[in-house]
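Source file: my_file_34.pdb. Holds: PDB, C-alpha atoms.
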ATOM      1  CA  MET A   1     -15.406 -33.776 -92.679
ATOM      2  CA  ASP A   2     -14.619 -33.995 -88.952
ATOM      3  CA  GLN A   3     -17.151 -34.834 -86.231
ATOM      4  CA  PRO A   4     -18.009 -31.209 -85.176
ATOM      5  CA  LYS A   5     -18.763 -30.344 -88.812
ATOM      6  CA  ILE A   6     -20.886 -33.453 -89.273
ATOM      7  CA  GLU A   7     -22.910 -32.616 -86.169
ATOM      8  CA  ARG A   8     -23.297 -29.028 -87.399
ATOM      9  CA  VAL A   9     -24.583 -30.211 -90.778
ATOM     10  CA  LEU A  10     -27.081 -32.556 -89.130
ATOM     11  CA  ARG A  11     -28.307 -29.761 -86.849
ATOM     12  CA  LEU A  12     -28.644 -27.503 -89.881
ATOM     13  CA  MET A  13     -30.699 -30.172 -91.674
ATOM     14  CA  LYS A  14     -32.958 -30.421 -88.640
ATOM     15  CA  MET A  15     -33.423 -26.628 -88.564
ATOM     16  CA  MET A  16     -34.259 -26.542 -92.278
ATOM     17  CA  THR A  17     -36.897 -29.275 -91.926
ATOM     18  CA  GLY A  18     -38.524 -28.193 -88.658
ATOM     19  CA  ASN A  19     -41.636 -26.122 -88.067
ATOM     20  CA  ASN A  20     -39.640 -22.965 -87.288
ATOM     21  CA  ASN A  21     -38.247 -20.729 -90.045
ATOM     22  CA  TYR A  22     -34.693 -19.333 -90.081
ATOM     23  CA  THR A  23     -32.658 -17.063 -92.288
ATOM     24  CA  VAL A  24     -29.058 -17.911 -93.144
ATOM     25  CA  GLU A  25     -27.850 -15.377 -90.579
ATOM     26  CA  GLU A  26     -30.078 -16.840 -87.844
ATOM     27  CA  MET A  27     -28.908 -20.370 -88.590
ATOM     28  CA  ALA A  28     -25.287 -19.258 -88.528
ATOM     29  CA  GLU A  29     -25.780 -17.612 -85.139
ATOM     30  CA  ARG A  30     -27.490 -20.663 -83.644
ATOM     31  CA  LEU A  31     -24.829 -23.031 -84.971
ATOM     32  CA  GLY A  32     -21.916 -20.808 -83.992
ATOM     33  CA  THR A  33     -20.488 -20.526 -87.485
ATOM     34  CA  SER A  34     -20.296 -17.996 -90.337
ATOM     35  CA  TYR A  35     -23.064 -17.368 -92.834
ATOM     36  CA  ARG A  36     -20.575 -18.294 -95.594
ATOM     37  CA  SER A  37     -20.309 -21.777 -94.064
ATOM     38  CA  ILE A  38     -24.105 -22.068 -94.044
ATOM     39  CA  TYR A  39     -24.195 -21.248 -97.766
ATOM     40  CA  ARG A  40     -21.539 -23.919 -98.375
ATOM     41  CA  TYR A  41     -23.557 -26.513 -96.488
ATOM     42  CA  ILE A  42     -26.673 -25.555 -98.441
ATOM     43  CA  GLU A  43     -24.790 -26.081-101.705
ATOM     44  CA  THR A  44     -23.693 -29.475-100.371
ATOM     45  CA  PHE A  45     -27.338 -30.378 -99.775
ATOM     46  CA  LYS A  46     -28.152 -29.425-103.371
ATOM     47  CA  GLU A  47     -25.275 -31.478-104.756
ATOM     48  CA  ALA A  48     -26.440 -34.456-102.688
ATOM     49  CA  GLY A  49     -29.855 -34.324-104.366
ATOM     50  CA  PHE A  50     -31.914 -32.408-101.795
ATOM     51  CA  VAL A  51     -34.343 -29.717-102.922
ATOM     52  CA  VAL A  52     -33.512 -26.380-101.269
ATOM     53  CA  GLN A  53     -36.262 -23.754-101.164
ATOM     54  CA  ARG A  54     -35.682 -20.031-100.638
ATOM     55  CA  LYS A  55     -38.848 -18.512 -99.237
ATOM     56  CA  GLU A  56     -39.984 -14.936 -98.614
ATOM     57  CA  GLY A  57     -37.902 -13.090 -96.047
ATOM     58  CA  GLY A  58     -34.715 -14.991 -96.847
ATOM     59  CA  ILE A  59     -35.952 -18.212 -95.250
ATOM     60  CA  TYR A  60     -34.269 -21.428 -96.406
ATOM     61  CA  LYS A  61     -35.980 -24.827 -96.149
ATOM     62  CA  LEU A  62     -35.300 -28.355 -97.392
ATOM     63  CA  GLY A  63     -38.187 -29.355 -99.660
ATOM     64  CA  LYS A  64     -40.149 -32.438 -98.612
ATOM     65  CA  GLU A  65     -40.070 -33.666-102.219
ATOM     66  CA  SER A  66     -36.360 -34.381-101.786
ATOM     67  CA  ARG A  67     -35.824 -37.981-102.804
ATOM     68  CA  TYR A  68     -33.980 -38.988 -99.625
ATOM     69  CA  PHE A  69     -36.538 -37.794 -97.086
ATOM     70  CA  LYS A  70     -38.522 -41.011 -96.866
ATOM     71  CA  ASP A  71     -35.355 -43.096 -96.593
ATOM     72  CA  ILE A  72     -34.016 -40.859 -93.800
ATOM     73  CA  SER A  73     -37.291 -40.934 -91.869
ATOM     74  CA  GLN A  74     -37.440 -44.717 -92.039
ATOM     75  CA  LEU A  75     -33.834 -44.895 -90.889
ATOM     76  CA  ILE A  76     -34.296 -42.744 -87.789
ATOM     77  CA  HIS A  77     -37.830 -43.673 -86.731
ATOM     78  CA  PHE A  78     -38.018 -46.372 -84.070
ATOM     79  CA  THR A  79     -41.079 -48.205 -82.855
ATOM     80  CA  ASP A  80     -41.218 -48.977 -79.113
ATOM     81  CA  GLU A  81     -40.068 -52.511 -79.862
ATOM     82  CA  GLU A  82     -37.152 -51.366 -82.029
ATOM     83  CA  ALA A  83     -36.151 -48.788 -79.433
ATOM     84  CA  TYR A  84     -36.248 -51.483 -76.746
ATOM     85  CA  ILE A  85     -33.962 -53.762 -78.759
ATOM     86  CA  VAL A  86     -31.512 -50.930 -79.485
ATOM     87  CA  ASN A  87     -31.528 -49.962 -75.815
ATOM     88  CA  GLN A  88     -30.763 -53.559 -74.823
ATOM     89  CA  LEU A  89     -27.768 -53.548 -77.152
ATOM     90  CA  ILE A  90     -26.514 -50.267 -75.691
ATOM     91  CA  GLU A  91     -27.030 -51.560 -72.145
ATOM     92  CA  GLY A  92     -24.732 -54.456 -73.044
ATOM     93  CA  LEU A  93     -21.818 -52.044 -73.295
ATOM     94  CA  ASP A  94     -19.531 -51.704 -70.308
ATOM     95  CA  ASN A  95     -20.400 -48.733 -68.086
ATOM     96  CA  THR A  96     -16.841 -47.444 -68.453
ATOM     97  CA  ASN A  97     -17.331 -47.113 -72.219
ATOM     98  CA  MET A  98     -17.673 -43.384 -72.999
ATOM     99  CA  LEU A  99     -19.673 -44.162 -76.136
ATOM    100  CA  LYS A 100     -22.526 -45.571 -74.071
ATOM    101  CA  GLN A 101     -23.841 -42.228 -72.819
ATOM    102  CA  ASN A 102     -23.178 -40.524 -76.167
ATOM    103  CA  LEU A 103     -25.241 -43.157 -77.976
ATOM    104  CA  ARG A 104     -28.077 -42.747 -75.493
ATOM    105  CA  LYS A 105     -28.167 -38.969 -75.956
ATOM    106  CA  LYS A 106     -27.981 -39.062 -79.739
ATOM    107  CA  LEU A 107     -30.590 -41.782 -80.139
ATOM    108  CA  SER A 108     -32.941 -39.971 -77.768
ATOM    109  CA  ALA A 109     -32.543 -36.749 -79.734
ATOM    110  CA  VAL A 110     -33.333 -38.480 -83.022
ATOM    111  CA  TYR A 111     -36.117 -40.698 -81.683
ATOM    112  CA  ASN A 112     -38.015 -37.742 -80.240
ATOM    113  CA  CYS A 113     -37.723 -35.633 -83.371
ATOM    114  CA  ILE A 114     -40.935 -35.315 -85.397
ATOM    115  CA  ALA A 115     -39.607 -32.794 -87.900
ATOM    116  CA  LEU A 116     -39.606 -35.414 -90.666
ATOM    117  CA  ALA A 117     -43.140 -36.643 -89.998
ATOM    118  CA  ASP A 118     -44.480 -35.713 -93.394
ATOM    119  CA  SER A 119     -41.875 -37.886 -95.102
ATOM    120  CA  VAL A 120     -43.350 -40.972 -93.428
ATOM    121  CA  VAL A 121     -46.776 -40.341 -94.944
ATOM    122  CA  GLU A 122     -47.851 -39.003 -98.311
ATOM    123  CA  GLY A 123     -50.351 -36.714-100.016
ATOM    124  CA  LYS A 124     -53.282 -35.252 -98.086
ATOM    125  CA  ASN A 125     -52.342 -37.204 -94.978
ATOM    126  CA  ALA A 126     -48.921 -35.510 -94.868
ATOM    127  CA  VAL A 127     -50.591 -32.084 -94.776
ATOM    128  CA  ASN A 128     -52.954 -33.207 -92.022
ATOM    129  CA  ILE A 129     -50.119 -34.661 -89.927
ATOM    130  CA  ASN A 130     -48.179 -31.403 -90.109
ATOM    131  CA  ARG A 131     -51.271 -29.451 -89.101
ATOM    132  CA  LEU A 132     -51.776 -31.744 -86.130
ATOM    133  CA  ILE A 133     -48.114 -31.379 -85.120
ATOM    134  CA  GLU A 134     -48.524 -27.612 -85.285
ATOM    135  CA  ALA A 135     -51.691 -27.740 -83.155
ATOM    136  CA  ILE A 136     -50.043 -29.958 -80.542
ATOM    137  CA  SER A 137     -46.997 -27.694 -80.409
ATOM    138  CA  GLU A 138     -49.187 -24.598 -79.937
ATOM    139  CA  ARG A 139     -51.695 -26.400 -77.666
ATOM    140  CA  LYS A 140     -54.662 -25.528 -79.890
ATOM    141  CA  GLN A 141     -58.035 -27.157 -80.420
ATOM    142  CA  VAL A 142     -58.790 -28.449 -83.914
ATOM    143  CA  ILE A 143     -61.675 -29.711 -86.003
ATOM    144  CA  LEU A 144     -61.179 -33.043 -87.722
ATOM    145  CA  LYS A 145     -63.110 -32.290 -90.907
ATOM    146  CA  ASN A 146     -65.470 -34.976 -92.167
ATOM    147  CA  TYR A 147     -63.912 -37.705 -89.987
ATOM    148  CA  ALA A 148     -65.159 -41.142 -91.090
ATOM    149  CA  SER A 149     -65.839 -43.233 -87.987
ATOM    150  CA  SER A 150     -65.577 -47.004 -88.354
ATOM    151  CA  HIS A 151     -67.783 -47.462 -85.266
ATOM    152  CA  THR A 152     -70.782 -45.398 -86.363
ATOM    153  CA  GLY A 153     -70.290 -45.512 -90.122
ATOM    154  CA  VAL A 154     -70.900 -41.751 -90.193
ATOM    155  CA  ALA A 155     -68.555 -39.021 -91.474
ATOM    156  CA  ARG A 156     -68.790 -35.722 -89.585
ATOM    157  CA  ASP A 157     -66.691 -32.913 -88.096
ATOM    158  CA  ARG A 158     -65.155 -33.615 -84.665
ATOM    159  CA  LEU A 159     -63.919 -30.922 -82.252
ATOM    160  CA  VAL A 160     -60.898 -32.287 -80.372
ATOM    161  CA  GLU A 161     -57.688 -31.429 -78.540
ATOM    162  CA  PRO A 162     -54.851 -33.453 -80.148
ATOM    163  CA  PHE A 163     -51.902 -34.272 -77.900
ATOM    164  CA  GLY A 164     -49.984 -37.324 -79.171
ATOM    165  CA  PHE A 165     -49.391 -39.881 -81.932
ATOM    166  CA  THR A 166     -48.985 -43.619 -82.174
ATOM    167  CA  THR A 167     -46.131 -45.147 -84.196
ATOM    168  CA  ASN A 168     -45.612 -43.623 -87.673
ATOM    169  CA  TYR A 169     -48.508 -41.200 -87.105
ATOM    170  CA  VAL A 170     -51.094 -43.849 -87.950
ATOM    171  CA  GLN A 171     -53.380 -42.573 -85.179
ATOM    172  CA  VAL A 172     -53.605 -39.404 -83.115
ATOM    173  CA  TRP A 173     -54.562 -39.241 -79.439
ATOM    174  CA  CYS A 174     -57.206 -36.581 -78.812
ATOM    175  CA  TYR A 175     -59.480 -35.440 -76.019
ATOM    176  CA  GLU A 176     -63.026 -34.945 -77.315
ATOM    177  CA  PRO A 177     -65.011 -32.401 -75.247
ATOM    178  CA  GLU A 178     -68.339 -33.634 -76.662
ATOM    179  CA  SER A 179     -67.949 -37.120 -75.205
ATOM    180  CA  GLY A 180     -65.536 -36.216 -72.428
ATOM    181  CA  LEU A 181     -63.251 -39.063 -73.521
ATOM    182  CA  ASN A 182     -59.703 -39.550 -74.770
ATOM    183  CA  LYS A 183     -59.851 -41.302 -78.136
ATOM    184  CA  LEU A 184     -57.601 -42.569 -80.911
ATOM    185  CA  PHE A 185     -58.465 -41.164 -84.337
ATOM    186  CA  ASN A 186     -57.114 -42.804 -87.492
ATOM    187  CA  THR A 187     -55.255 -40.072 -89.386
ATOM    188  CA  SER A 188     -56.101 -41.594 -92.790
ATOM    189  CA  ARG A 189     -59.817 -41.039 -92.127
ATOM    190  CA  ILE A 190     -59.452 -37.271 -91.630
ATOM    191  CA  ASP A 191     -60.464 -35.193 -94.645
ATOM    192  CA  ALA A 192     -58.774 -31.992 -93.419
ATOM    193  CA  ILE A 193     -57.582 -30.244 -90.247
ATOM    194  CA  GLU A 194     -58.858 -26.843 -89.142
ATOM    195  CA  ILE A 195     -56.748 -25.308 -86.366
ATOM    196  CA  LEU A 196     -58.895 -23.139 -84.124
ATOM    197  CA  PRO A 197     -57.731 -19.998 -82.274
ATOM    198  CA  ASP A 198     -58.901 -21.567 -78.999
ATOM    199  CA  ASP A 199     -56.268 -22.988 -76.641
ATOM    200  CA  TRP A 200     -56.617 -26.383 -74.965
ATOM    201  CA  GLN A 201     -59.245 -26.264 -72.238
ATOM    202  CA  PHE A 202     -58.956 -29.814 -70.895
ATOM    203  CA  ALA A 203     -55.203 -30.436 -70.722
ATOM    204  CA  GLU A 204     -55.518 -31.993 -67.265
ATOM    205  CA  SER A 205     -57.778 -34.667 -68.768
ATOM    206  CA  HIS A 206     -55.408 -35.690 -71.583
ATOM    207  CA  ASN A 207     -54.431 -39.341 -71.252
ATOM    208  CA  GLU A 208     -52.768 -41.508 -73.891
ATOM    209  CA  GLY A 209     -53.723 -44.713 -72.120
ATOM    210  CA  TYR A 210     -51.620 -47.849 -72.386
ATOM    211  CA  ILE A 211     -50.207 -50.014 -75.154
ATOM    212  CA  ASP A 212     -49.489 -53.558 -74.026
ATOM    213  CA  ILE A 213     -46.824 -55.920 -75.362
ATOM    214  CA  PHE A 214     -49.366 -57.351 -77.822
ATOM    215  CA  ARG A 215     -49.864 -53.822 -79.315
ATOM    216  CA  ILE A 216     -53.389 -53.392 -77.921
ATOM    217  CA  ASN A 217     -54.473 -49.917 -76.719
ATOM    218  CA  GLY A 218     -56.649 -49.199 -73.698
ATOM    219  CA  PHE A 219     -57.127 -47.202 -70.512
ATOM    220  CA  GLU A 220     -57.297 -50.110 -68.094
ATOM    221  CA  GLN A 221     -54.917 -52.995 -67.488
ATOM    222  CA  LYS A 222     -55.339 -56.566 -66.334
ATOM    223  CA  ARG A 223     -52.636 -58.836 -64.980
ATOM    224  CA  VAL A 224     -52.125 -62.109 -66.817
ATOM    225  CA  GLN A 225     -49.803 -65.002 -66.010
ATOM    226  CA  ILE A 226     -49.113 -67.871 -68.399
ATOM    227  CA  GLU A 227     -46.477 -70.589 -68.495
ATOM    228  CA  LEU A 228     -44.831 -71.149 -71.869
ATOM    229  CA  GLY A 229     -42.928 -74.071 -73.334
ATOM    230  CA  MET A 230     -39.955 -73.692 -75.646
ATOM    231  CA  MET A 231     -41.927 -73.223 -78.876
ATOM    232  CA  ALA A 232     -44.383 -70.706 -77.387
ATOM    233  CA  HIS A 233     -41.530 -68.808 -75.756
ATOM    234  CA  ASN A 234     -39.550 -68.539 -78.985
ATOM    235  CA  LEU A 235     -42.571 -67.422 -81.029
ATOM    236  CA  LEU A 236     -43.527 -64.862 -78.377
ATOM    237  CA  ILE A 237     -40.091 -63.232 -78.456
ATOM    238  CA  GLU A 238     -40.011 -63.236 -82.262
ATOM    239  CA  GLU A 239     -43.484 -61.730 -82.693
ATOM    240  CA  TYR A 240     -43.593 -59.457 -79.629
ATOM    241  CA  PRO A 241     -40.032 -58.454 -78.570
ATOM    242  CA  LEU A 242     -41.247 -56.283 -75.662
ATOM    243  CA  ALA A 243     -42.423 -59.471 -73.946
ATOM    244  CA  ALA A 244     -38.807 -60.117 -72.940
ATOM    245  CA  ARG A 245     -39.216 -57.520 -70.197
ATOM    246  CA  ASP A 246     -41.942 -59.590 -68.507
ATOM    247  CA  LEU A 247     -40.504 -63.092 -68.929
ATOM    248  CA  LYS A 248     -38.842 -65.157 -66.221
ATOM    249  CA  GLN A 249     -37.223 -68.527 -66.900
ATOM    250  CA  ILE A 250     -38.531 -71.363 -64.725
ATOM    251  CA  ASP A 251     -36.284 -74.156 -65.992
ATOM    252  CA  ASN A 252     -34.536 -75.135 -69.214
ATOM    253  CA  ASN A 253     -37.818 -75.624 -71.089
ATOM    254  CA  HIS A 254     -40.367 -73.348 -69.405
ATOM    255  CA  TRP A 255     -40.886 -69.612 -68.896
ATOM    256  CA  LEU A 256     -43.365 -67.508 -66.928
ATOM    257  CA  LEU A 257     -44.949 -64.496 -68.610
ATOM    258  CA  ASP A 258     -46.288 -62.101 -65.980
ATOM    259  CA  THR A 259     -47.592 -59.019 -67.763
ATOM    260  CA  MET A 260     -50.294 -56.346 -67.865
ATOM    261  CA  VAL A 261     -52.660 -56.262 -70.851
ATOM    262  CA  CYS A 262     -55.315 -53.757 -71.906
ATOM    263  CA  ASN A 263     -57.738 -56.570 -72.720
ATOM    264  CA  TYR A 264     -57.641 -60.276 -73.529
ATOM    265  CA  VAL A 265     -57.965 -59.914 -77.309
ATOM    266  CA  GLY A 266     -54.280 -59.612 -78.204
ATOM    267  CA  ILE A 267     -52.901 -62.201 -75.825
ATOM    268  CA  GLY A 268     -55.908 -64.431 -76.553
ATOM    269  CA  ARG A 269     -55.068 -64.632 -80.253
ATOM    270  CA  PHE A 270     -51.544 -65.663 -79.384
ATOM    271  CA  VAL A 271     -52.519 -68.271 -76.785
ATOM    272  CA  ILE A 272     -55.278 -69.962 -78.819
ATOM    273  CA  GLY A 273     -52.812 -70.826 -81.560
ATOM    274  CA  LEU A 274     -50.426 -72.433 -79.060
ATOM    275  CA  LEU A 275     -52.687 -74.044 -76.470
ATOM    276  CA  LYS A 276     -50.670 -77.276 -76.420
ATOM    277  CA  ASP A 277     -47.538 -75.394 -75.322
ATOM    278  CA  ILE A 278     -49.120 -72.917 -72.870
ATOM    279  CA  ARG A 279     -50.583 -73.300 -69.382
ATOM    280  CA  ILE A 280     -52.912 -70.481 -68.294
ATOM    281  CA  LEU A 281     -52.468 -69.490 -64.636
ATOM    282  CA  THR A 282     -54.947 -66.578 -64.413
ATOM    283  CA  PRO A 283     -58.532 -67.836 -63.754
ATOM    284  CA  GLU A 284     -60.322 -64.944 -65.474
ATOM    285  CA  PHE A 285     -58.181 -65.299 -68.580
ATOM    286  CA  LYS A 286     -58.759 -69.078 -68.563
ATOM    287  CA  GLU A 287     -62.526 -68.415 -68.578
ATOM    288  CA  TYR A 288     -62.122 -66.028 -71.505
ATOM    289  CA  ILE A 289     -60.157 -68.595 -73.528
ATOM    290  CA  THR A 290     -62.640 -71.369 -72.699
ATOM    291  CA  HIS A 291     -65.587 -69.241 -73.798
ATOM    292  CA  THR A 292     -63.802 -68.116 -76.961
ATOM    293  CA  VAL A 293     -62.795 -71.651 -77.969
ATOM    294  CA  ASN A 294     -66.318 -73.009 -77.301
ATOM    295  CA  ASP A 295     -67.790 -70.214 -79.397
ATOM    296  CA  MET A 296     -65.377 -71.029 -82.219
ATOM    297  CA  CYS A 297     -66.360 -74.708 -82.073
ATOM    298  CA  GLU A 298     -70.071 -73.870 -82.229
ATOM    299  CA  ARG A 299     -69.558 -71.659 -85.249
ATOM    300  CA  CYS A 300     -67.460 -74.323 -86.938
ATOM    301  CA  ASN A 301     -70.210 -76.939 -86.369
ATOM    302  CA  GLN A 302     -72.840 -74.557 -87.771
ATOM    303  CA  ASN A 303     -70.790 -74.008 -90.906
ATOM    304  CA  MET A 304     -70.460 -77.754 -91.443
ATOM    305  CA  GLU A 305     -74.203 -78.453 -91.181
TER     306      GLU A 305
END

Using structure tokens, write down the structure that the file contains.
Amino acid sequence: MDQPKIERVLRLMKMMTGNNNYTVEEMAERLGTSYRSIYRYIETFKEAGFVVQRKEGGIYKLGKESRYFKDISQLIHFTDEEAYIVNQLIEGLDNTNMLKQNLRKKLSAVYNCIALADSVVEGKNAVNINRLIEAISERKQVILKNYASSHTGVARDRLVEPFGFTTNYVQVWCYEPESGLNKLFNTSRIDAIEILPDDWQFAESHNEGYIDIFRINGFEQKRVQIELGMMAHNLLIEEYPLAARDLKQIDNNHWLLDTMVCNYVGIGRFVIGLLKDIRILTPEFKEYITHTVNDMCERCNQNME
């Protein structure tokens, strides 16, 4: 199969797994091919082990129970860190290499696709994720039915405007009119999703906030500077690859990390375990570490009494 045909088959797969519904004739028109070719591709999907569903109105879809869906979703889904690493590899190509721009375009198209979201999660959560995707696409308000809050310990309905997801749909960003705040809701704690007929009313207030290199979420950022030795530097890059963007080498054995964090919790955990190989340059962060370490020592002494 030549490259144009491969691209056509992949586009067809995307159409048959997306939120929109198409007949064979409509797919043929959009792909610039004959309806006979579409039928041939569909038979190829069946032979490859995919479940093909023919719905009312002549609509054809690829069933989510197909055994390869989870494998495909894991293959094409990138976290921010994975995307950063892949981008660094692509950037290493010579600018005269024609493949460089093609790779960028194709990876961007795949990375932004959420058509296979329900293959990343299972059961009730898969249904809820698809409902949230639909609501975001149509800019609708929803009710998170019987949402179990870890902060209050209470399960109740929450009226929100969903507008984005974190990696692998673990959490959904929503604006909550009741509190007037943007919040992250854990998708596994949602009993069901009710899509309301009401459109978003607070779109101008939607804000996903920040995610720092230590994977901490927040709406404010603080600047932190620390000097790392060889061991701390190597562990930082291994555990938090995005840190490479904010590192500057001082000499053969020392590096400066100058970064923005949402709070001190994430970076604090890292630093406390490597205090002998790290020098803290930010006074406020040094106070935080001192207080945290003293508190840990007091608790340790109490446990030994």

Q: Compile the contact shell of Gly273 of chain A as a ChimeraX atom specification: residues with an atom at most 12 Å away, counting all atoms listed in the file, same-chain residues fewer than 3 positions apart removed.
A: /A:231-232,235-236,266-270,276-278,289,293

**Q.** Distance of atom CA of Glu194 of chain A from atom CA of Lys145 of chain A, expressed in Å to one decimal place
**A.** 7.1 Å

Q) Which residues come within 7 Å of segment 169-174 of chain A, counting all atoms listed in the file, excluding same-chain residues fewer than 2 positions away, as an NGL selection string? A) :A and (160-167 or 176 or 182-187 or 208)

Q.
Here is a test: counting all atoms listed in the file, which residue of A:Asn253, A:Lys55, A:Ala244, A:Gly218 is nearest to Met230 of chain A?
A.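 Smallest distance to Met230 of chain A is found for A:Asn253.
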
**Q.** Interatomic distance, atom CA of Phe45 of chain A to atom CA of Val9 of chain A (Å, one decimal)
**A.** 9.4 Å

Q | atom CA of Ile190 of chain A to atom CA of Val261 of chain A, straight-line distance in Å | A |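 We find that atom CA of Val261 of chain A and atom CA of Ile190 of chain A lie 29.0 Å from each other.
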
**Q.** Spatial neighbours of Arg8 of chain A, max dist 12 Å, all atoms listed in the file, sep filter under 6 positions, as a list in words
**A.**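 Surrounding residues, per the criterion: Met1, Asp2, Lys14, Met15, Met27, Ala28, Glu29, Arg30, Leu31, Gly32, Thr33, Ser34, Ser37, Ile38 and Tyr41 of chain A.
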
Produce a file of the selected residues containing C-alpha atoms, as a PDB file, keeping the file's coordinate frame.
ATOM      1  CA  MET A   1     -15.406 -33.776 -92.679  1.00  0.00           C
ATOM      2  CA  ASP A   2     -14.619 -33.995 -88.952  1.00  0.00           C
ATOM      3  CA  LYS A  14     -32.958 -30.421 -88.640  1.00  0.00           C
ATOM      4  CA  MET A  15     -33.423 -26.628 -88.564  1.00  0.00           C
ATOM      5  CA  MET A  27     -28.908 -20.370 -88.590  1.00  0.00           C
ATOM      6  CA  ALA A  28     -25.287 -19.258 -88.528  1.00  0.00           C
ATOM      7  CA  GLU A  29     -25.780 -17.612 -85.139  1.00  0.00           C
ATOM      8  CA  ARG A  30     -27.490 -20.663 -83.644  1.00  0.00           C
ATOM      9  CA  LEU A  31     -24.829 -23.031 -84.971  1.00  0.00           C
ATOM     10  CA  GLY A  32     -21.916 -20.808 -83.992  1.00  0.00           C
ATOM     11  CA  THR A  33     -20.488 -20.526 -87.485  1.00  0.00           C
ATOM     12  CA  SER A  34     -20.296 -17.996 -90.337  1.00  0.00           C
ATOM     13  CA  SER A  37     -20.309 -21.777 -94.064  1.00  0.00           C
ATOM     14  CA  ILE A  38     -24.105 -22.068 -94.044  1.00  0.00           C
ATOM     15  CA  TYR A  41     -23.557 -26.513 -96.488  1.00  0.00           C
TER      16      TYR A  41
END

Protein and nucleic acid residues near (-39.0, -17.9, -93.4) (cut-off 7 Å, only C-alpha atoms) as a compact mmCIF listing (two decimals) with C-alpha atoms, in the coordinates of the input:
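Generated output (selection-v4.txt):
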# COMPACT_ATOMS: atom_id res chain seq x y z
CA ASN A 21 -38.25 -20.73 -90.04
CA TYR A 22 -34.69 -19.33 -90.08
CA THR A 23 -32.66 -17.06 -92.29
CA LYS A 55 -38.85 -18.51 -99.24
CA GLU A 56 -39.98 -14.94 -98.61
CA GLY A 57 -37.90 -13.09 -96.05
CA GLY A 58 -34.72 -14.99 -96.85
CA ILE A 59 -35.95 -18.21 -95.25
CA TYR A 60 -34.27 -21.43 -96.41

Q | Spatial neighbours of Tyr210 of chain A, 10 Å, all atoms listed in the file, chain gap at least 4 places, as a PyMOL selection string | A | chain A and resi 215-221+260-262

Apply the PyMOL selection byres ((chain A and resi 52) around 10) to the file shown and report the selected residues as a PDB file with C-alpha atoms, keeping the file's coordinate frame.
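Everything below was put into out_38.pdb:
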ATOM      1  CA  MET A  16     -34.259 -26.542 -92.278  1.00  0.00           C
ATOM      2  CA  ILE A  42     -26.673 -25.555 -98.441  1.00  0.00           C
ATOM      3  CA  GLU A  43     -24.790 -26.081-101.705  1.00  0.00           C
ATOM      4  CA  PHE A  45     -27.338 -30.378 -99.775  1.00  0.00           C
ATOM      5  CA  LYS A  46     -28.152 -29.425-103.371  1.00  0.00           C
ATOM      6  CA  GLY A  49     -29.855 -34.324-104.366  1.00  0.00           C
ATOM      7  CA  PHE A  50     -31.914 -32.408-101.795  1.00  0.00           C
ATOM      8  CA  VAL A  51     -34.343 -29.717-102.922  1.00  0.00           C
ATOM      9  CA  GLN A  53     -36.262 -23.754-101.164  1.00  0.00           C
ATOM     10  CA  ARG A  54     -35.682 -20.031-100.638  1.00  0.00           C
ATOM     11  CA  LYS A  55     -38.848 -18.512 -99.237  1.00  0.00           C
ATOM     12  CA  TYR A  60     -34.269 -21.428 -96.406  1.00  0.00           C
ATOM     13  CA  LYS A  61     -35.980 -24.827 -96.149  1.00  0.00           C
ATOM     14  CA  LEU A  62     -35.300 -28.355 -97.392  1.00  0.00           C
ATOM     15  CA  GLY A  63     -38.187 -29.355 -99.660  1.00  0.00           C
ATOM     16  CA  LYS A  64     -40.149 -32.438 -98.612  1.00  0.00           C
ATOM     17  CA  GLU A  65     -40.070 -33.666-102.219  1.00  0.00           C
ATOM     18  CA  SER A  66     -36.360 -34.381-101.786  1.00  0.00           C
TER      19      SER A  66
END

Q: Could you tell me which of A:Leu274, A:Ile213, A:Ile133, A:Val265 comes closest to Tyr288 of chain A if we count only C-alpha atoms?
A: A:Val265

Q) So what does the PyMOL selection byres ((chain A and resi 227) around 8) actually pick up in this one, as a ChimeraX atom specification? A) /A:225-226,228-229,254-257,278-281

Selection from above, C-alpha atoms, as an mmCIF file, in the coordinates of the input, can you write it?
data_model
loop_
_atom_site.group_PDB
_atom_site.id
_atom_site.type_symbol
_atom_site.label_atom_id
_atom_site.label_comp_id
_atom_site.auth_asym_id
_atom_site.auth_seq_id
_atom_site.Cartn_x
_atom_site.Cartn_y
_atom_site.Cartn_z
ATOM 1 C CA GLN A 225 -49.803 -65.002 -66.010
ATOM 2 C CA ILE A 226 -49.113 -67.871 -68.399
ATOM 3 C CA LEU A 228 -44.831 -71.149 -71.869
ATOM 4 C CA GLY A 229 -42.928 -74.071 -73.334
ATOM 5 C CA HIS A 254 -40.367 -73.348 -69.405
ATOM 6 C CA TRP A 255 -40.886 -69.612 -68.896
ATOM 7 C CA LEU A 256 -43.365 -67.508 -66.928
ATOM 8 C CA LEU A 257 -44.949 -64.496 -68.610
ATOM 9 C CA ILE A 278 -49.120 -72.917 -72.870
ATOM 10 C CA ARG A 279 -50.583 -73.300 -69.382
ATOM 11 C CA ILE A 280 -52.912 -70.481 -68.294
ATOM 12 C CA LEU A 281 -52.468 -69.490 -64.636
#

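Nearest to Glu238 of chain A of all the residues A:Cys300, A:Asp251, A:Leu181, A:Phe214 is A:Phe214, based on only C-alpha atoms.
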